[in-house]
Amino acid sequence: PEDMSVIAVIDEGRSLVMSAYRGKDTRGLHRYDLVKKTWGEVIYQNDEYDAGGVILSADGNKIIGASYTGEARERVLFDEYDNTFEQALDYFEGFQTTFISGSADSKTVLVKVSGPSEPGAFYLYEDGNARWIMDVMQGLAADDMGVVIPLSYQARDGEKIPAYMTLPPSITDPADLKNLPTIILPHGGPFARDAKRFDYFAQFFATRGYLVLQMNFRGSLGYGKRFSDAGRENWTVMQDDVEDGMRWLVEKGYTDPAKSCIAGWSYGGYSALMGAIKTPDLYRCSIAIAALSDIPAAIDDLRRLLNGEAIAQKTFRPLLDDR
């Protein structure tokens, strides 16, 4: 079914980990017994955000945790496995510490340590000590990056839209947050999402003096079925949510309307093109990278793939009526 997907195969092929709503608004992780053809226990459920995936033990035989994305990506290790990782979280307090892997005895963990303004590095943590392994993006200093602020704004119909604002590094006083050149940066997908993490594209613009706003418009993943379906069933509302983000910035006085731009790739590029067409008064430029620009051709291409009709239905459902 469309609202279910296989996350992992476990128990030597006898069970599946399924991502499914199962009567909830958010996706949970559920065990499904392939032999008995019955649902098993709920492995992980978060009532605010969709569960993302499972974390397997080093030998791949045990589920030791789960992941989800709130403001940032979070990983939860189950009680019997979380001691060393919990210690690592305390050790790297103030940073985003992501569990990557662990030893069979769970005494050593490999973690990625990063932040919205910090590209990050990999460390091995054991017994209260961390050993640096490698940087993720050498040459990018955190002090040169912009601050990322999570926020929400109200769309025209009252829906709260989660978003992230990246400030130019020169902005150190909130009083200076006014009349800035601005780039709206909607994500691709369209059924993906942004989070409070290091985004090299947003930081590229911010380090050149632009205020950058990234929004999780309706249709974005992670916020439950109601929020996701609102965009899947109506592409117009996705574009309206993007547009309302720029209007909110102008109304707040953060943005110089004479220096406003919309940029993106894939669906974000489509949104940039639509922004220039639908509201040319709102943007002074549009940057469309690898943009979706021919929807009928995209639908036809998908239909040539294995299971392509289902993918086309899932992606372009409200646009298929005349096809």
# chains A, B, ... in the order shown; residues from 1 in each chain; ligands from 1
>>> residues_around(residues="stretch 282-292 of chain A", least_positions_apart="3", cutoff="6 Å", atoms="only C-alpha atoms", output="PyMOL selection string")
chain A and resi 260-267+269-270+272+279
>>> write_last_selection(atoms="N, CA, C and O atoms", output="PDB file, in the first residue's frame")
ATOM      1  N   SER A 260      15.393  40.643  -3.593  1.00  0.00           N
ATOM      2  CA  SER A 260      14.837  39.340  -3.216  1.00  0.00           C
ATOM      3  C   SER A 260      14.978  38.357  -4.367  1.00  0.00           C
ATOM      4  O   SER A 260      14.864  38.726  -5.537  1.00  0.00           O
ATOM      5  N   CYS A 261      15.207  37.087  -4.017  1.00  0.00           N
ATOM      6  CA  CYS A 261      15.414  36.070  -5.049  1.00  0.00           C
ATOM      7  C   CYS A 261      14.864  34.743  -4.552  1.00  0.00           C
ATOM      8  O   CYS A 261      14.762  34.511  -3.343  1.00  0.00           O
ATOM      9  N   ILE A 262      14.503  33.886  -5.472  1.00  0.00           N
ATOM     10  CA  ILE A 262      14.102  32.516  -5.146  1.00  0.00           C
ATOM     11  C   ILE A 262      14.998  31.564  -5.922  1.00  0.00           C
ATOM     12  O   ILE A 262      15.269  31.785  -7.114  1.00  0.00           O
ATOM     13  N   ALA A 263      15.505  30.537  -5.252  1.00  0.00           N
ATOM     14  CA  ALA A 263      16.442  29.609  -5.877  1.00  0.00           C
ATOM     15  C   ALA A 263      16.118  28.188  -5.431  1.00  0.00           C
ATOM     16  O   ALA A 263      15.535  27.968  -4.363  1.00  0.00           O
ATOM     17  N   GLY A 264      16.515  27.206  -6.246  1.00  0.00           N
ATOM     18  CA  GLY A 264      16.327  25.811  -5.865  1.00  0.00           C
ATOM     19  C   GLY A 264      16.683  24.884  -6.997  1.00  0.00           C
ATOM     20  O   GLY A 264      16.901  25.323  -8.130  1.00  0.00           O
ATOM     21  N   TRP A 265      16.770  23.585  -6.669  1.00  0.00           N
ATOM     22  CA  TRP A 265      17.011  22.592  -7.711  1.00  0.00           C
ATOM     23  C   TRP A 265      15.949  21.509  -7.638  1.00  0.00           C
ATOM     24  O   TRP A 265      15.282  21.346  -6.634  1.00  0.00           O
ATOM     25  N   SER A 266      15.773  20.796  -8.732  1.00  0.00           N
ATOM     26  CA  SER A 266      14.739  19.777  -8.860  1.00  0.00           C
ATOM     27  C   SER A 266      13.379  20.427  -8.612  1.00  0.00           C
ATOM     28  O   SER A 266      13.034  21.399  -9.277  1.00  0.00           O
ATOM     29  N   TYR A 267      12.581  19.908  -7.658  1.00  0.00           N
ATOM     30  CA  TYR A 267      11.313  20.586  -7.385  1.00  0.00           C
ATOM     31  C   TYR A 267      11.548  22.023  -6.929  1.00  0.00           C
ATOM     32  O   TYR A 267      10.757  22.918  -7.247  1.00  0.00           O
ATOM     33  N   GLY A 269      13.744  23.978  -8.066  1.00  0.00           N
ATOM     34  CA  GLY A 269      13.897  24.738  -9.305  1.00  0.00           C
ATOM     35  C   GLY A 269      12.558  25.013  -9.952  1.00  0.00           C
ATOM     36  O   GLY A 269      12.320  26.098 -10.490  1.00  0.00           O
ATOM     37  N   TYR A 270      11.657  24.005  -9.912  1.00  0.00           N
ATOM     38  CA  TYR A 270      10.282  24.209 -10.397  1.00  0.00           C
ATOM     39  C   TYR A 270       9.615  25.338  -9.621  1.00  0.00           C
ATOM     40  O   TYR A 270       8.962  26.221 -10.201  1.00  0.00           O
ATOM     41  N   ALA A 272      11.077  27.774  -8.112  1.00  0.00           N
ATOM     42  CA  ALA A 272      11.698  29.042  -8.497  1.00  0.00           C
ATOM     43  C   ALA A 272      11.116  29.556  -9.813  1.00  0.00           C
ATOM     44  O   ALA A 272      10.834  30.752  -9.963  1.00  0.00           O
ATOM     45  N   THR A 279       4.309  35.162  -9.291  1.00  0.00           N
ATOM     46  CA  THR A 279       4.438  36.393  -8.490  1.00  0.00           C
ATOM     47  C   THR A 279       5.700  37.156  -8.895  1.00  0.00           C
ATOM     48  O   THR A 279       6.636  37.296  -8.102  1.00  0.00           O
TER      49      THR A 279
END
>>> select_by_dssp(residues="stretch 97-280 of chain A", states="strand (DSSP E or B)", output="ChimeraX atom specification")
/A:97-102,109-115,118-126,129-135,148-154,160-166,180-184,211-215,255-265
>>> closest_atom_pairs(of="stretch 184-244 of chain A", to="stretch 60-78 of chain A", cutoff="10 Å", atoms="only C-alpha atoms", output="CSV")
residue,atom,partner,partner_atom,distance
A:Arg193,CA,A:Thr69,CA,9.3
A:Asp194,CA,A:Ala72,CA,8.7
A:Ala195,CA,A:Ala72,CA,5.1
A:Lys196,CA,A:Ala72,CA,4.8
A:Arg197,CA,A:Ala72,CA,6.2
A:Phe198,CA,A:Ala72,CA,10.0
A:Leu221,CA,A:Thr69,CA,9.3
A:Gly222,CA,A:Thr69,CA,6.6
A:Tyr223,CA,A:Gly70,CA,8.5
>>> write_last_selection(atoms="N, CA, C and O atoms", output="short mmCIF file (atom, residue, chain, number, x, y, z; two decimals), in the first residue's frame")
data_model
loop_
_atom_site.label_atom_id
_atom_site.label_comp_id
_atom_site.auth_asym_id
_atom_site.auth_seq_id
_atom_site.Cartn_x
_atom_site.Cartn_y
_atom_site.Cartn_z
N ARG A 193 12.46 17.17 2.92
CA ARG A 193 12.34 18.18 3.95
C ARG A 193 13.71 18.74 4.29
O ARG A 193 14.74 18.12 4.03
N ASP A 194 13.73 19.93 4.85
CA ASP A 194 14.94 20.53 5.39
C ASP A 194 14.96 20.34 6.89
O ASP A 194 13.93 20.05 7.52
N ALA A 195 16.14 20.51 7.50
CA ALA A 195 16.29 20.39 8.95
C ALA A 195 17.37 21.36 9.40
O ALA A 195 18.07 21.97 8.58
N LYS A 196 17.50 21.49 10.71
CA LYS A 196 18.53 22.36 11.27
C LYS A 196 19.85 21.62 11.25
O LYS A 196 20.24 20.97 12.22
N ARG A 197 20.52 21.70 10.14
CA ARG A 197 21.79 21.02 9.95
C ARG A 197 22.64 21.86 9.02
O ARG A 197 22.18 22.87 8.47
N PHE A 198 23.87 21.45 8.82
CA PHE A 198 24.74 22.20 7.92
C PHE A 198 24.27 22.02 6.49
O PHE A 198 24.15 20.90 6.00
N LEU A 221 8.08 15.88 4.18
CA LEU A 221 8.04 14.68 5.01
C LEU A 221 8.32 15.00 6.47
O LEU A 221 8.92 16.02 6.79
N GLY A 222 7.89 14.10 7.31
CA GLY A 222 8.31 14.15 8.70
C GLY A 222 7.33 14.72 9.69
O GLY A 222 7.48 14.55 10.89
N TYR A 223 6.27 15.39 9.20
CA TYR A 223 5.33 16.08 10.10
C TYR A 223 3.98 15.39 10.19
O TYR A 223 3.02 15.98 10.67
#
>>> residues_around(residues="A:Val242", least_positions_apart="2", cutoff="8 Å", atoms="only C-alpha atoms", output="PyMOL selection string")
chain A and resi 184+186+215+217+238-240+244-246
>>> write_last_selection(atoms="N, CA, C and O atoms", output="tab-separated table (two decimals), in the first residue's frame")
chain	number	residue	atom	x	y	z
A	184	ILE	N	15.10	32.93	-1.03
A	184	ILE	CA	14.21	31.86	-0.62
A	184	ILE	C	14.71	30.58	-1.26
A	184	ILE	O	14.95	30.53	-2.47
A	186	PRO	N	13.55	26.85	-1.43
A	186	PRO	CA	12.70	25.67	-1.20
A	186	PRO	C	13.43	24.39	-1.59
A	186	PRO	O	14.18	24.36	-2.56
A	215	MET	N	11.99	26.59	3.88
A	215	MET	CA	10.74	26.21	4.54
A	215	MET	C	10.36	24.77	4.23
A	215	MET	O	10.66	24.24	3.15
A	217	PHE	N	7.36	23.38	3.38
A	217	PHE	CA	6.00	23.63	2.91
A	217	PHE	C	5.19	22.35	3.05
A	217	PHE	O	5.72	21.25	3.19
A	238	MET	N	1.54	24.12	-1.95
A	238	MET	CA	2.98	24.09	-1.72
A	238	MET	C	3.62	25.38	-2.19
A	238	MET	O	4.46	25.97	-1.49
A	239	GLN	N	3.24	25.84	-3.37
A	239	GLN	CA	3.80	27.08	-3.89
A	239	GLN	C	3.34	28.27	-3.05
A	239	GLN	O	4.11	29.20	-2.80
A	240	ASP	N	2.08	28.25	-2.60
A	240	ASP	CA	1.59	29.33	-1.74
A	240	ASP	C	2.39	29.42	-0.45
A	240	ASP	O	2.70	30.51	0.04
A	244	ASP	N	4.38	32.63	0.76
A	244	ASP	CA	4.04	33.26	2.04
A	244	ASP	C	5.27	33.44	2.91
A	244	ASP	O	5.32	34.34	3.76
A	245	GLY	N	6.30	32.60	2.72
A	245	GLY	CA	7.54	32.77	3.46
A	245	GLY	C	8.24	34.07	3.10
A	245	GLY	O	8.71	34.80	3.98
A	246	MET	N	8.30	34.37	1.81
A	246	MET	CA	8.92	35.63	1.39
A	246	MET	C	8.09	36.82	1.85
A	246	MET	O	8.63	37.82	2.34
>>> select_by_dssp(residues="stretch 128-263 of chain A", states="helix (DSSP H, G or I)", output="number ranges by chain")
A: 142-144, 174-176, 200-206, 225-232, 235-252
>>> residues_around(residues="A:Glu126", least_positions_apart="4", cutoff="7 Å", atoms="only C-alpha atoms", output="list of chain:residue names")
A:Lys107, A:Thr108, A:Val109, A:Ala130
>>> write_last_selection(atoms="all heavy atoms", output="PDB file, in the first residue's frame")
ATOM      1  N   LYS A 107      30.632  -0.886  23.380  1.00  0.00           N
ATOM      2  CA  LYS A 107      31.487  -0.037  24.219  1.00  0.00           C
ATOM      3  C   LYS A 107      32.192   1.058  23.433  1.00  0.00           C
ATOM      4  O   LYS A 107      32.724   2.009  24.004  1.00  0.00           O
ATOM      5  CB  LYS A 107      32.523  -0.906  24.945  1.00  0.00           C
ATOM      6  CG  LYS A 107      31.907  -1.816  25.992  1.00  0.00           C
ATOM      7  CD  LYS A 107      32.972  -2.621  26.723  1.00  0.00           C
ATOM      8  CE  LYS A 107      32.335  -3.495  27.799  1.00  0.00           C
ATOM      9  NZ  LYS A 107      33.359  -4.314  28.517  1.00  0.00           N
ATOM     10  N   THR A 108      32.208   0.921  22.105  1.00  0.00           N
ATOM     11  CA  THR A 108      32.828   1.932  21.240  1.00  0.00           C
ATOM     12  C   THR A 108      31.820   2.343  20.188  1.00  0.00           C
ATOM     13  O   THR A 108      31.173   1.486  19.581  1.00  0.00           O
ATOM     14  CB  THR A 108      34.089   1.381  20.549  1.00  0.00           C
ATOM     15  OG1 THR A 108      34.995   0.897  21.534  1.00  0.00           O
ATOM     16  CG2 THR A 108      34.767   2.462  19.722  1.00  0.00           C
ATOM     17  N   VAL A 109      31.673   3.645  19.986  1.00  0.00           N
ATOM     18  CA  VAL A 109      30.739   4.133  18.968  1.00  0.00           C
ATOM     19  C   VAL A 109      31.451   5.087  18.025  1.00  0.00           C
ATOM     20  O   VAL A 109      32.348   5.839  18.425  1.00  0.00           O
ATOM     21  CB  VAL A 109      29.515   4.833  19.592  1.00  0.00           C
ATOM     22  CG1 VAL A 109      28.637   3.846  20.329  1.00  0.00           C
ATOM     23  CG2 VAL A 109      29.922   5.976  20.504  1.00  0.00           C
ATOM     24  N   ALA A 130      37.392  10.759  23.163  1.00  0.00           N
ATOM     25  CA  ALA A 130      37.013  10.803  21.747  1.00  0.00           C
ATOM     26  C   ALA A 130      38.267  10.960  20.900  1.00  0.00           C
ATOM     27  O   ALA A 130      39.152  11.765  21.228  1.00  0.00           O
ATOM     28  CB  ALA A 130      36.048  11.953  21.482  1.00  0.00           C
TER      29      ALA A 130
END
>>> closest_atom_pairs(of="stretch 197-293 of chain A", to="stretch 301-322 of chain A", cutoff="9 Å", atoms="only C-alpha atoms", output="Markdown table")
| residue | atom | partner | partner_atom | distance |
| --- | --- | --- | --- | --- |
| A:Arg232 | CA | A:Arg317 | CA | 7.0 |
| A:Glu233 | CA | A:Pro318 | CA | 5.4 |
| A:Asn234 | CA | A:Pro318 | CA | 6.1 |
| A:Trp235 | CA | A:Pro318 | CA | 7.2 |
>>> closest_residue(among="A:Val6, A:Ile171, A:Ile43, A:Ile161", to="A:Ser220", atoms="only C-alpha atoms")
A:Ile161
>>> closest_residue(among="A:Ser170, A:Gln138, A:Ser293, A:Thr236", to="A:Tyr210", atoms="only C-alpha atoms")
A:Ser170
>>> residues_around(residues="A:Arg226", least_positions_apart="6", cutoff="12 Å", atoms="only C-alpha atoms", output="PyMOL selection string")
chain A and resi 21+24-27+48-50+159+218-220+232-233
>>> residues_around(residues="A:Gly102", least_positions_apart="3", cutoff="12 Å", atoms="only C-alpha atoms", output="ChimeraX atom specification")
/A:55-60,64-65,77,81-85,88,98-99,105-111,123-126
>>> write_last_selection(atoms="N, CA and C atoms", output="compact mmCIF listing (two decimals), in the first residue's frame")
# COMPACT_ATOMS: atom_id res chain seq x y z
N ILE A 55 18.18 1.49 13.53
CA ILE A 55 19.62 1.34 13.68
C ILE A 55 19.88 -0.11 14.05
N LEU A 56 20.70 -0.78 13.26
CA LEU A 56 20.98 -2.20 13.48
C LEU A 56 22.31 -2.37 14.19
N SER A 57 22.45 -3.47 14.90
CA SER A 57 23.70 -3.81 15.56
C SER A 57 24.78 -4.06 14.52
N ALA A 58 26.02 -4.14 14.98
CA ALA A 58 27.15 -4.30 14.06
C ALA A 58 27.01 -5.55 13.21
N ASP A 59 26.41 -6.63 13.77
CA ASP A 59 26.24 -7.85 12.99
C ASP A 59 24.96 -7.86 12.17
N GLY A 60 24.15 -6.80 12.29
CA GLY A 60 22.93 -6.67 11.51
C GLY A 60 21.76 -7.51 12.00
N ILE A 64 18.77 -1.89 17.41
CA ILE A 64 19.25 -1.27 18.64
C ILE A 64 18.74 0.16 18.80
N GLY A 65 18.07 0.69 17.79
CA GLY A 65 17.56 2.05 17.91
C GLY A 65 16.76 2.46 16.69
N LEU A 77 18.77 5.39 20.74
CA LEU A 77 19.18 4.02 21.00
C LEU A 77 18.34 3.46 22.13
N TYR A 81 21.12 -0.48 24.89
CA TYR A 81 22.24 -0.20 24.00
C TYR A 81 22.76 1.24 24.11
N ASP A 82 22.10 2.08 24.90
CA ASP A 82 22.36 3.51 24.75
C ASP A 82 23.42 4.10 25.69
N ASN A 83 24.04 3.30 26.57
CA ASN A 83 24.92 3.88 27.56
C ASN A 83 26.10 4.65 26.95
N THR A 84 26.83 4.00 26.05
CA THR A 84 28.00 4.64 25.46
C THR A 84 27.59 5.83 24.60
N PHE A 85 26.53 5.68 23.84
CA PHE A 85 26.09 6.80 23.00
C PHE A 85 25.61 7.96 23.87
N ALA A 88 28.51 9.82 24.88
CA ALA A 88 29.03 10.64 23.78
C ALA A 88 28.22 11.91 23.60
N THR A 98 25.54 12.35 15.95
CA THR A 98 24.77 11.33 15.24
C THR A 98 25.48 9.98 15.36
N PHE A 99 24.74 8.99 15.79
CA PHE A 99 25.28 7.63 15.87
C PHE A 99 25.47 7.08 14.47
N ASP A 105 30.24 -5.10 21.21
CA ASP A 105 29.96 -5.04 22.65
C ASP A 105 29.38 -3.69 23.08
N SER A 106 29.11 -2.80 22.09
CA SER A 106 28.49 -1.49 22.34
C SER A 106 29.35 -0.56 23.19
N LYS A 107 30.63 -0.89 23.38
CA LYS A 107 31.49 -0.04 24.22
C LYS A 107 32.19 1.06 23.43
N THR A 108 32.21 0.92 22.10
CA THR A 108 32.83 1.93 21.24
C THR A 108 31.82 2.34 20.19
N VAL A 109 31.67 3.65 19.99
CA VAL A 109 30.74 4.13 18.97
C VAL A 109 31.45 5.09 18.03
N LEU A 110 31.07 5.01 16.77
CA LEU A 110 31.51 5.97 15.76
C LEU A 110 30.40 7.00 15.62
N VAL A 111 30.73 8.28 15.79
CA VAL A 111 29.72 9.33 15.74
C VAL A 111 30.17 10.42 14.79
N TYR A 123 34.22 10.95 14.84
CA TYR A 123 35.02 10.61 16.03
C TYR A 123 34.68 9.20 16.48
N LEU A 124 35.68 8.52 17.05
CA LEU A 124 35.46 7.29 17.79
C LEU A 124 35.41 7.65 19.27
N TYR A 125 34.34 7.24 19.94
CA TYR A 125 34.19 7.55 21.37
C TYR A 125 34.19 6.26 22.17
N GLU A 126 35.00 6.26 23.25
CA GLU A 126 35.07 5.09 24.13
C GLU A 126 35.63 5.52 25.48
>>> residues_around(residues="A:Pro162", least_positions_apart="3", cutoff="8 Å", atoms="only C-alpha atoms", output="tab-separated table (two decimals) with all heavy atoms, in the first residue's frame")
chain	number	residue	atom	x	y	z
A	150	PRO	N	15.78	28.21	13.78
A	150	PRO	CA	14.50	27.56	13.47
A	150	PRO	C	13.34	28.48	13.82
A	150	PRO	O	13.40	29.22	14.82
A	150	PRO	CB	14.50	26.32	14.37
A	150	PRO	CG	15.38	26.68	15.52
A	150	PRO	CD	16.41	27.63	14.98
A	151	LEU	N	12.29	28.47	13.01
A	151	LEU	CA	11.15	29.34	13.24
A	151	LEU	C	9.93	28.75	12.54
A	151	LEU	O	10.01	27.72	11.89
A	151	LEU	CB	11.44	30.76	12.73
A	151	LEU	CG	11.88	30.90	11.25
A	151	LEU	CD1	10.69	31.04	10.32
A	151	LEU	CD2	12.81	32.07	11.08
A	152	SER	N	8.82	29.41	12.68
A	152	SER	CA	7.64	29.07	11.89
A	152	SER	C	6.93	30.36	11.54
A	152	SER	O	7.02	31.35	12.27
A	152	SER	CB	6.71	28.12	12.64
A	152	SER	OG	6.16	28.75	13.78
A	153	TYR	N	6.25	30.35	10.41
A	153	TYR	CA	5.45	31.50	10.00
A	153	TYR	C	4.06	31.01	9.61
A	153	TYR	O	3.85	29.81	9.37
A	153	TYR	CB	6.11	32.27	8.85
A	153	TYR	CG	6.33	31.46	7.59
A	153	TYR	CD1	5.34	31.36	6.61
A	153	TYR	CD2	7.54	30.83	7.36
A	153	TYR	CE1	5.54	30.63	5.46
A	153	TYR	CE2	7.76	30.09	6.21
A	153	TYR	CZ	6.77	30.00	5.26
A	153	TYR	OH	6.97	29.27	4.12
A	215	MET	N	11.99	26.59	3.88
A	215	MET	CA	10.74	26.21	4.54
A	215	MET	C	10.36	24.77	4.23
A	215	MET	O	10.66	24.24	3.15
A	215	MET	CB	9.59	27.14	4.12
A	215	MET	CG	9.18	27.05	2.66
A	215	MET	SD	10.35	27.79	1.53
A	215	MET	CE	10.18	29.51	2.00
A	216	ASN	N	9.70	24.15	5.18
A	216	ASN	CA	9.10	22.84	4.94
A	216	ASN	C	7.63	23.05	4.63
A	216	ASN	O	6.76	22.95	5.52
A	216	ASN	CB	9.31	21.92	6.14
A	216	ASN	CG	10.74	21.42	6.23
A	216	ASN	OD1	11.38	21.14	5.22
A	216	ASN	ND2	11.28	21.35	7.43
A	217	PHE	N	7.36	23.38	3.38
A	217	PHE	CA	6.00	23.63	2.91
A	217	PHE	C	5.19	22.35	3.05
A	217	PHE	O	5.72	21.25	3.19
A	217	PHE	CB	6.01	24.11	1.46
A	217	PHE	CG	6.96	23.33	0.58
A	217	PHE	CD1	6.60	22.10	0.04
A	217	PHE	CD2	8.23	23.83	0.27
A	217	PHE	CE1	7.46	21.38	-0.77
A	217	PHE	CE2	9.10	23.11	-0.54
A	217	PHE	CZ	8.71	21.89	-1.06
>>> atom_distance(atom1="atom CA of A:Arg22", atom2="atom CA of A:Ile100")
28.6 Å
>>> atom_distance(atom1="atom CA of A:Glu251", atom2="atom CA of A:Asp229")
28.6 Å
>>> atom_distance(atom1="atom CA of A:Gly158", atom2="atom CA of A:Met4")
29.5 Å
